[in-house]
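Asker: As input, take upload.txt (compact mmCIF, C-alpha atoms):
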```txt
# COMPACT_ATOMS: atom_id res chain seq x y z
CA MET A 2 -23.71 -23.99 -50.28
CA ARG A 3 -26.97 -22.24 -50.99
CA GLN A 4 -28.14 -18.79 -50.09
CA ILE A 5 -31.32 -17.08 -49.10
CA GLN A 6 -31.55 -13.35 -49.70
CA SER A 7 -33.78 -12.34 -46.85
CA LYS A 8 -35.18 -8.85 -46.56
CA ALA A 9 -35.52 -9.33 -42.85
CA TYR A 10 -32.22 -11.04 -42.04
CA GLY A 11 -29.89 -10.33 -44.94
CA VAL A 12 -27.92 -13.04 -46.75
CA LEU A 13 -28.30 -16.43 -45.13
CA ASN A 14 -25.92 -19.21 -46.17
CA LEU A 15 -27.11 -22.73 -45.75
CA ASN A 16 -26.20 -26.35 -46.22
CA GLU A 17 -28.57 -29.05 -47.39
CA ASN A 18 -28.77 -30.44 -43.86
CA GLN A 19 -30.47 -27.24 -42.71
CA ILE A 20 -33.40 -27.68 -45.09
CA TYR A 21 -36.53 -29.18 -43.62
CA GLU A 22 -39.50 -30.43 -45.51
CA PHE A 23 -42.87 -29.43 -44.07
CA GLU A 24 -45.17 -31.84 -45.89
CA ALA A 25 -48.28 -30.24 -44.45
CA GLY A 26 -46.95 -26.70 -44.46
CA ILE A 27 -47.50 -24.40 -41.50
CA LEU A 28 -51.03 -23.36 -40.60
CA GLY A 29 -51.89 -20.23 -42.56
CA VAL A 30 -48.97 -20.67 -44.97
CA SER A 31 -49.97 -24.06 -46.29
CA ASP A 32 -48.37 -23.48 -49.70
CA ILE A 33 -44.76 -23.41 -48.47
CA PHE A 34 -43.13 -26.78 -47.95
CA HIS A 35 -39.43 -26.08 -47.54
CA TYR A 36 -37.79 -24.07 -44.80
CA ALA A 37 -34.21 -23.66 -43.68
CA LEU A 38 -33.29 -23.50 -40.01
CA PHE A 39 -30.64 -21.05 -38.83
CA PRO A 40 -29.29 -20.56 -35.33
CA MET A 41 -29.20 -16.88 -34.32
CA GLU A 42 -25.73 -16.22 -33.07
CA GLY A 43 -25.42 -15.22 -29.46
CA THR A 44 -29.00 -16.22 -28.68
CA PRO A 45 -30.89 -19.46 -28.04
CA PHE A 46 -33.23 -18.57 -30.93
CA PHE A 47 -33.49 -19.95 -34.46
CA ILE A 48 -34.90 -18.56 -37.66
CA LEU A 49 -37.04 -20.80 -39.80
CA HIS A 50 -36.93 -19.19 -43.20
CA ALA A 51 -38.82 -20.28 -46.31
CA LEU A 52 -36.43 -21.21 -49.12
CA GLU A 53 -38.17 -19.32 -51.88
CA GLU A 54 -40.31 -16.71 -50.18
CA GLU A 55 -39.96 -13.83 -47.82
CA VAL A 56 -41.58 -15.79 -45.02
CA SER A 57 -39.89 -16.51 -41.72
CA PHE A 58 -40.56 -17.43 -38.15
CA VAL A 59 -38.48 -17.05 -35.01
CA LEU A 60 -38.29 -20.29 -33.05
CA LEU A 61 -37.07 -21.09 -29.56
CA PRO A 62 -36.27 -24.60 -28.30
CA ALA A 63 -39.15 -25.38 -25.96
CA HIS A 64 -36.86 -26.17 -23.03
CA GLU A 65 -35.49 -22.63 -23.22
CA ALA A 66 -39.00 -21.25 -22.89
CA VAL A 67 -40.76 -23.34 -20.27
CA LEU A 68 -40.12 -26.15 -17.87
CA ASP A 69 -42.10 -29.37 -17.82
CA TYR A 70 -43.48 -28.98 -21.28
CA SER A 71 -44.64 -32.34 -22.44
CA PHE A 72 -47.26 -33.83 -24.68
CA GLN A 73 -48.08 -36.98 -26.54
CA ILE A 74 -47.03 -37.20 -30.18
CA SER A 75 -49.54 -39.07 -32.29
CA ASP A 76 -48.54 -42.05 -34.41
CA GLU A 77 -49.31 -40.01 -37.51
CA ILE A 78 -46.68 -37.46 -36.54
CA THR A 79 -44.16 -40.17 -35.80
CA GLU A 80 -44.81 -41.41 -39.30
CA ILE A 81 -44.78 -37.98 -40.99
CA LEU A 82 -41.48 -37.06 -39.35
CA ALA A 83 -40.07 -40.56 -39.90
CA LEU A 84 -39.05 -40.83 -36.25
CA ASN A 85 -37.45 -43.98 -34.92
CA SER A 86 -37.99 -42.85 -31.37
CA PRO A 87 -39.56 -39.83 -29.66
CA GLU A 88 -36.08 -38.62 -28.72
CA ASP A 89 -35.35 -38.01 -32.40
CA VAL A 90 -37.49 -34.94 -32.43
CA GLY A 91 -36.60 -31.34 -31.65
CA VAL A 92 -39.41 -29.32 -30.11
CA MET A 93 -39.48 -25.59 -30.80
CA VAL A 94 -42.05 -22.95 -30.03
CA VAL A 95 -42.97 -20.13 -32.38
CA VAL A 96 -42.00 -16.70 -31.06
CA ASN A 97 -44.31 -13.77 -31.53
CA ILE A 98 -43.01 -10.27 -30.85
CA GLN A 99 -45.74 -7.84 -29.84
CA GLN A 100 -45.00 -4.34 -28.53
CA GLU A 101 -41.40 -5.37 -27.86
CA GLU A 102 -42.55 -8.24 -25.68
CA LEU A 103 -41.79 -11.85 -26.54
CA PHE A 104 -44.52 -14.45 -26.56
CA VAL A 105 -44.53 -18.11 -27.52
CA ASN A 106 -47.23 -20.39 -28.82
CA LEU A 107 -47.33 -23.42 -26.53
CA MET A 108 -50.38 -24.91 -28.17
CA ALA A 109 -48.81 -25.42 -31.60
CA PRO A 110 -45.09 -26.23 -31.36
CA VAL A 111 -42.89 -26.87 -34.38
CA LEU A 112 -41.41 -30.36 -34.41
CA LEU A 113 -38.22 -30.98 -36.34
CA SER A 114 -36.37 -34.19 -37.01
CA PRO A 115 -32.70 -33.53 -37.79
CA TYR A 116 -32.39 -37.12 -39.06
CA SER A 117 -35.16 -37.19 -41.61
CA LEU A 118 -35.05 -33.39 -42.15
CA LYS A 119 -38.80 -33.25 -41.85
CA GLY A 120 -40.80 -30.83 -39.83
CA CYS A 121 -44.35 -29.97 -38.94
CA GLN A 122 -46.40 -27.74 -36.73
CA TYR A 123 -48.10 -29.96 -34.22
CA ILE A 124 -51.29 -28.93 -32.51
CA ILE A 125 -51.61 -30.29 -29.02
CA LYS A 126 -55.13 -31.55 -28.59
CA ASP A 127 -55.09 -33.26 -25.22
CA GLN A 128 -54.28 -30.17 -23.15
CA GLU A 129 -55.38 -26.55 -23.00
CA LEU A 130 -52.21 -24.53 -23.42
CA PRO A 131 -51.77 -20.82 -24.09
CA ILE A 132 -51.35 -19.77 -27.72
CA ARG A 133 -49.75 -16.50 -26.61
CA TYR A 134 -47.65 -17.14 -23.56
CA PRO A 135 -45.35 -14.34 -22.32
CA LEU A 136 -41.67 -15.19 -22.20
CA LYS A 137 -40.03 -13.88 -19.10
CA THR A 138 -37.07 -11.82 -20.17
CA GLU A 139 -35.60 -11.72 -16.67
CA GLY A 140 -35.53 -14.10 -13.78
CA GLY A 141 -35.87 -17.41 -15.50
CA ARG A 142 -38.48 -19.72 -16.80
CA LEU A 143 -41.95 -20.31 -15.58
CA ASN A 144 -43.30 -23.73 -14.99
CA VAL A 145 -46.46 -24.30 -16.98
CA GLY A 146 -46.74 -27.82 -15.62
CA ALA A 147 -49.68 -28.80 -17.73
CA GLU A 148 -49.02 -32.50 -18.01
CA THR A 149 -52.21 -34.52 -17.99
CA MET B 16 -73.17 -25.58 -48.64
CA LEU B 17 -74.13 -29.18 -49.09
CA VAL B 18 -76.61 -30.37 -46.49
CA LEU B 19 -77.02 -34.08 -45.74
CA ARG B 20 -79.27 -35.85 -43.28
CA ARG B 21 -77.62 -38.73 -41.42
CA LYS B 22 -78.46 -41.07 -38.55
CA ILE B 23 -76.27 -42.08 -35.63
CA GLY B 24 -73.69 -44.58 -36.83
CA GLU B 25 -73.91 -43.42 -40.42
CA SER B 26 -71.02 -41.77 -42.24
CA VAL B 27 -70.21 -39.27 -44.91
CA MET B 28 -67.28 -39.61 -47.30
CA ILE B 29 -65.32 -36.53 -48.34
CA GLY B 30 -63.43 -37.56 -51.42
CA SER B 31 -62.32 -41.17 -51.25
CA ASN B 32 -60.21 -41.13 -48.12
CA ILE B 33 -61.90 -38.91 -45.54
CA GLN B 34 -64.73 -40.45 -43.57
CA VAL B 35 -66.83 -38.58 -41.02
CA GLN B 36 -69.07 -40.67 -38.80
CA ILE B 37 -71.90 -39.51 -36.55
CA LEU B 38 -71.13 -41.27 -33.26
CA GLY B 39 -73.83 -39.82 -31.08
CA ILE B 40 -76.02 -36.91 -30.11
CA GLU B 41 -76.28 -35.58 -26.57
CA GLY B 42 -78.53 -32.57 -26.20
CA ASP B 43 -77.20 -29.87 -28.52
CA GLN B 44 -73.87 -31.64 -28.97
CA ILE B 45 -72.96 -34.00 -31.74
CA LYS B 46 -70.07 -36.41 -31.44
CA LEU B 47 -68.21 -36.94 -34.71
CA GLY B 48 -65.54 -39.45 -35.61
CA PHE B 49 -63.00 -38.78 -38.34
CA LEU B 50 -60.93 -41.13 -40.43
CA ALA B 51 -58.50 -39.22 -42.61
CA PRO B 52 -55.01 -39.61 -44.09
CA LYS B 53 -52.25 -38.76 -41.62
CA GLU B 54 -51.33 -35.52 -43.35
CA VAL B 55 -54.87 -34.16 -43.01
CA GLN B 56 -55.23 -32.20 -39.78
CA VAL B 57 -58.65 -32.37 -38.23
CA LEU B 58 -59.17 -29.42 -35.88
CA ARG B 59 -61.97 -27.51 -34.24
CA GLN B 60 -62.48 -24.44 -36.40
CA GLU B 61 -61.97 -21.97 -33.51
CA LEU B 62 -58.61 -23.53 -32.66
CA TYR B 63 -57.59 -23.63 -36.31
CA GLN B 64 -58.38 -19.92 -36.70
CA GLU B 65 -56.57 -18.94 -33.51
CA ILE B 66 -53.42 -20.76 -34.55
CA VAL B 67 -53.52 -19.34 -38.07
CA ALA B 68 -53.92 -15.84 -36.60
CA GLU B 69 -51.00 -16.36 -34.21
CA ASN B 70 -48.80 -17.73 -37.00
CA MET B 71 -49.69 -14.73 -39.16
CA ALA B 72 -48.81 -12.35 -36.34
CA ALA B 73 -45.49 -14.14 -35.82
CA LYS B 74 -44.76 -14.08 -39.54
CA GLU B 75 -45.61 -10.38 -39.92
CA GLN B 76 -43.31 -9.21 -37.16
CA THR B 77 -40.39 -8.85 -39.57
CA ALA B 78 -42.51 -6.39 -41.55
CA HIS B 79 -43.09 -4.17 -38.51
CA LEU B 80 -39.72 -4.38 -36.80
CA GLN B 81 -36.23 -3.63 -38.00
CA GLN B 82 -33.78 -6.49 -38.06
CA GLU B 83 -31.74 -4.78 -35.33
CA GLN B 84 -34.77 -4.40 -33.10
CA ILE B 85 -35.58 -8.08 -33.40
CA LEU B 86 -31.99 -9.10 -32.77
CA ASN B 87 -31.71 -6.84 -29.76
CA LEU B 88 -34.90 -8.19 -28.24
CA LEU B 89 -33.75 -11.74 -28.76
CA ARG B 90 -30.23 -11.12 -27.47
CA ASN B 91 -31.66 -9.69 -24.28
CA TYR B 92 -33.65 -12.82 -23.57
CA LYS B 93 -32.14 -14.90 -20.80
CA GLY B 94 -33.90 -18.21 -20.58
```
Would you put the structure from the file into structure tokens?

Answerer:
Amino acid sequence: MRQIQSKAYGVLNLNENQIYEFEAGILGVSDIFHYALFPMEGTPFFILHALEEEVSFVLLPAHEAVLDYSFQISDEITEILALNSPEDVGVMVVVNIQQEELFVNLMAPVLLSPYSLKGCQYIIKDQELPIRYPLKTEGGRLNVGAET
Amino acid sequence: MLVLRRKIGESVMIGSNIQVQILGIEGDQIKLGFLAPKEVQVLRQELYQEIVAENMAAKEQTAHLQQEQILNLLRNYKG
């Protein structure tokens, strides 16, 4: 059992199978390659916390955020994440809290493979999707329906 | 900045494994082709900057908000 002492979230206990390798880092923090994923109790959200630094992101499984969210994963990503099939991948969106409102980045989801424990931030290039998309806090999900 | 003159169909190598080819020119637009290792992301600069900025904003939120505030906001979300 390892621990992260997080200023933002306190002491986080983790097992090895919660540690994901981000070979290419995350855009803007390209020098951090290892993150641990924690479910936030009582919520559908997760925290992706760097192992060694005070860097973290709030993630939400994409299906909790929007309906009909789909995109093509390139062969390179399949290779980087060591996926056997596209179903092996978890798709999460990065949550951004601004003025107490929740937004998600639909253009650059975080892909995680619980089998290979590899992750990456994938930039969707074949569709124009919002980078700051408001999450509805009441009344359910919106349908972005942007399949091409 | 290094400036090179190239013709359509010609390429430039960046290091030994990134190749950029001039595919065509239409008016004021140039079509480029990229061959790069899988871990190298090739992105339009505007998109790259927007995503970096959004990631930074998402990363900084823990500096502006108390843990309780974040947790409360997230607990109130009903997907």

Asker: Give me the residues of chain B that have any atom at most 12 Å from an atom of chain A; for each, the nearest atom pair and the distance in Å, rounded to one decimal. Use all atoms listed in the file, sort by chain and number, and format it as JSON lines.

Answerer:
```
{"residue": "B:Ala51", "atom": "CA", "partner": "A:Glu77", "partner_atom": "CA", "distance": 10.5}
{"residue": "B:Pro52", "atom": "CA", "partner": "A:Glu77", "partner_atom": "CA", "distance": 8.7}
{"residue": "B:Lys53", "atom": "CA", "partner": "A:Glu77", "partner_atom": "CA", "distance": 5.2}
{"residue": "B:Glu54", "atom": "CA", "partner": "A:Ala25", "partner_atom": "CA", "distance": 6.2}
{"residue": "B:Val55", "atom": "CA", "partner": "A:Ala25", "partner_atom": "CA", "distance": 7.8}
{"residue": "B:Gln56", "atom": "CA", "partner": "A:Ala25", "partner_atom": "CA", "distance": 8.6}
{"residue": "B:Val57", "atom": "CA", "partner": "A:Ile124", "partner_atom": "CA", "distance": 9.9}
{"residue": "B:Leu58", "atom": "CA", "partner": "A:Ile124", "partner_atom": "CA", "distance": 8.6}
{"residue": "B:Arg59", "atom": "CA", "partner": "A:Lys126", "partner_atom": "CA", "distance": 9.7}
{"residue": "B:Leu62", "atom": "CA", "partner": "A:Ile124", "partner_atom": "CA", "distance": 9.1}
{"residue": "B:Tyr63", "atom": "CA", "partner": "A:Leu28", "partner_atom": "CA", "distance": 7.8}
{"residue": "B:Gln64", "atom": "CA", "partner": "A:Gly29", "partner_atom": "CA", "distance": 8.7}
{"residue": "B:Glu65", "atom": "CA", "partner": "A:Ile132", "partner_atom": "CA", "distance": 7.8}
{"residue": "B:Ile66", "atom": "CA", "partner": "A:Leu28", "partner_atom": "CA", "distance": 7.0}
{"residue": "B:Val67", "atom": "CA", "partner": "A:Gly29", "partner_atom": "CA", "distance": 4.9}
{"residue": "B:Ala68", "atom": "CA", "partner": "A:Gly29", "partner_atom": "CA", "distance": 7.7}
{"residue": "B:Glu69", "atom": "CA", "partner": "A:Ile132", "partner_atom": "CA", "distance": 7.3}
{"residue": "B:Asn70", "atom": "CA", "partner": "A:Gly29", "partner_atom": "CA", "distance": 6.8}
{"residue": "B:Met71", "atom": "CA", "partner": "A:Gly29", "partner_atom": "CA", "distance": 6.8}
{"residue": "B:Ala72", "atom": "CA", "partner": "A:Asn97", "partner_atom": "CA", "distance": 6.7}
{"residue": "B:Ala73", "atom": "CA", "partner": "A:Asn97", "partner_atom": "CA", "distance": 4.5}
{"residue": "B:Lys74", "atom": "CA", "partner": "A:Phe58", "partner_atom": "CA", "distance": 5.5}
{"residue": "B:Glu75", "atom": "CA", "partner": "A:Val56", "partner_atom": "CA", "distance": 8.5}
{"residue": "B:Gln76", "atom": "CA", "partner": "A:Ile98", "partner_atom": "CA", "distance": 6.4}
{"residue": "B:Thr77", "atom": "CA", "partner": "A:Ala9", "partner_atom": "CA", "distance": 5.9}
{"residue": "B:Ala78", "atom": "CA", "partner": "A:Ala9", "partner_atom": "CA", "distance": 7.7}
{"residue": "B:His79", "atom": "CA", "partner": "A:Gln99", "partner_atom": "CA", "distance": 9.8}
{"residue": "B:Leu80", "atom": "CA", "partner": "A:Ala9", "partner_atom": "CA", "distance": 8.9}
{"residue": "B:Gln81", "atom": "CA", "partner": "A:Ala9", "partner_atom": "CA", "distance": 7.5}
{"residue": "B:Gln82", "atom": "CA", "partner": "A:Ala9", "partner_atom": "CA", "distance": 5.8}
{"residue": "B:Glu83", "atom": "CA", "partner": "A:Tyr10", "partner_atom": "CA", "distance": 9.2}
{"residue": "B:Gln84", "atom": "CA", "partner": "A:Glu101", "partner_atom": "CA", "distance": 8.5}
{"residue": "B:Ile85", "atom": "CA", "partner": "A:Ile98", "partner_atom": "CA", "distance": 8.2}
{"residue": "B:Leu86", "atom": "CA", "partner": "A:Met41", "partner_atom": "CA", "distance": 8.4}
{"residue": "B:Asn87", "atom": "CA", "partner": "A:Thr44", "partner_atom": "CA", "distance": 9.8}
{"residue": "B:Leu88", "atom": "CA", "partner": "A:Glu101", "partner_atom": "CA", "distance": 7.1}
{"residue": "B:Leu89", "atom": "CA", "partner": "A:Thr44", "partner_atom": "CA", "distance": 6.5}
{"residue": "B:Arg90", "atom": "CA", "partner": "A:Thr44", "partner_atom": "CA", "distance": 5.4}
{"residue": "B:Asn91", "atom": "CA", "partner": "A:Thr138", "partner_atom": "CA", "distance": 7.1}
{"residue": "B:Tyr92", "atom": "CA", "partner": "A:Thr138", "partner_atom": "CA", "distance": 4.9}
{"residue": "B:Lys93", "atom": "CA", "partner": "A:Thr138", "partner_atom": "CA", "distance": 5.8}
{"residue": "B:Gly94", "atom": "CA", "partner": "A:Glu65", "partner_atom": "CA", "distance": 5.4}
```

Asker: Given all atoms listed in the file as the basis, pick out the residue of A:Phe23, A:Phe39, A:Gly91, A:Glu54 nearest to Gln122 in chain A.

Answerer: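 Smallest separation from Gln122 in chain A among the options: A:Phe23.
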
Asker: In Å, how far is it from CA of Ala83 in chain A to CA of Gln34 in chain B?

Answerer: 24.9 Å

Asker: For a test of reading the model, state the distance in Å between CA of Glu17 in chain A and CA of Ile33 in chain A, rounded to one decimal.

Answerer: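 A separation of 17.2 Å between them.
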
Asker: What does the distance between CA of Gln73 in chain A and CA of Val111 in chain A come to in Å, to one decimal place?

Answerer: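 Calculated distance between CA of Gln73 in chain A and CA of Val111 in chain A is 13.8 Å.
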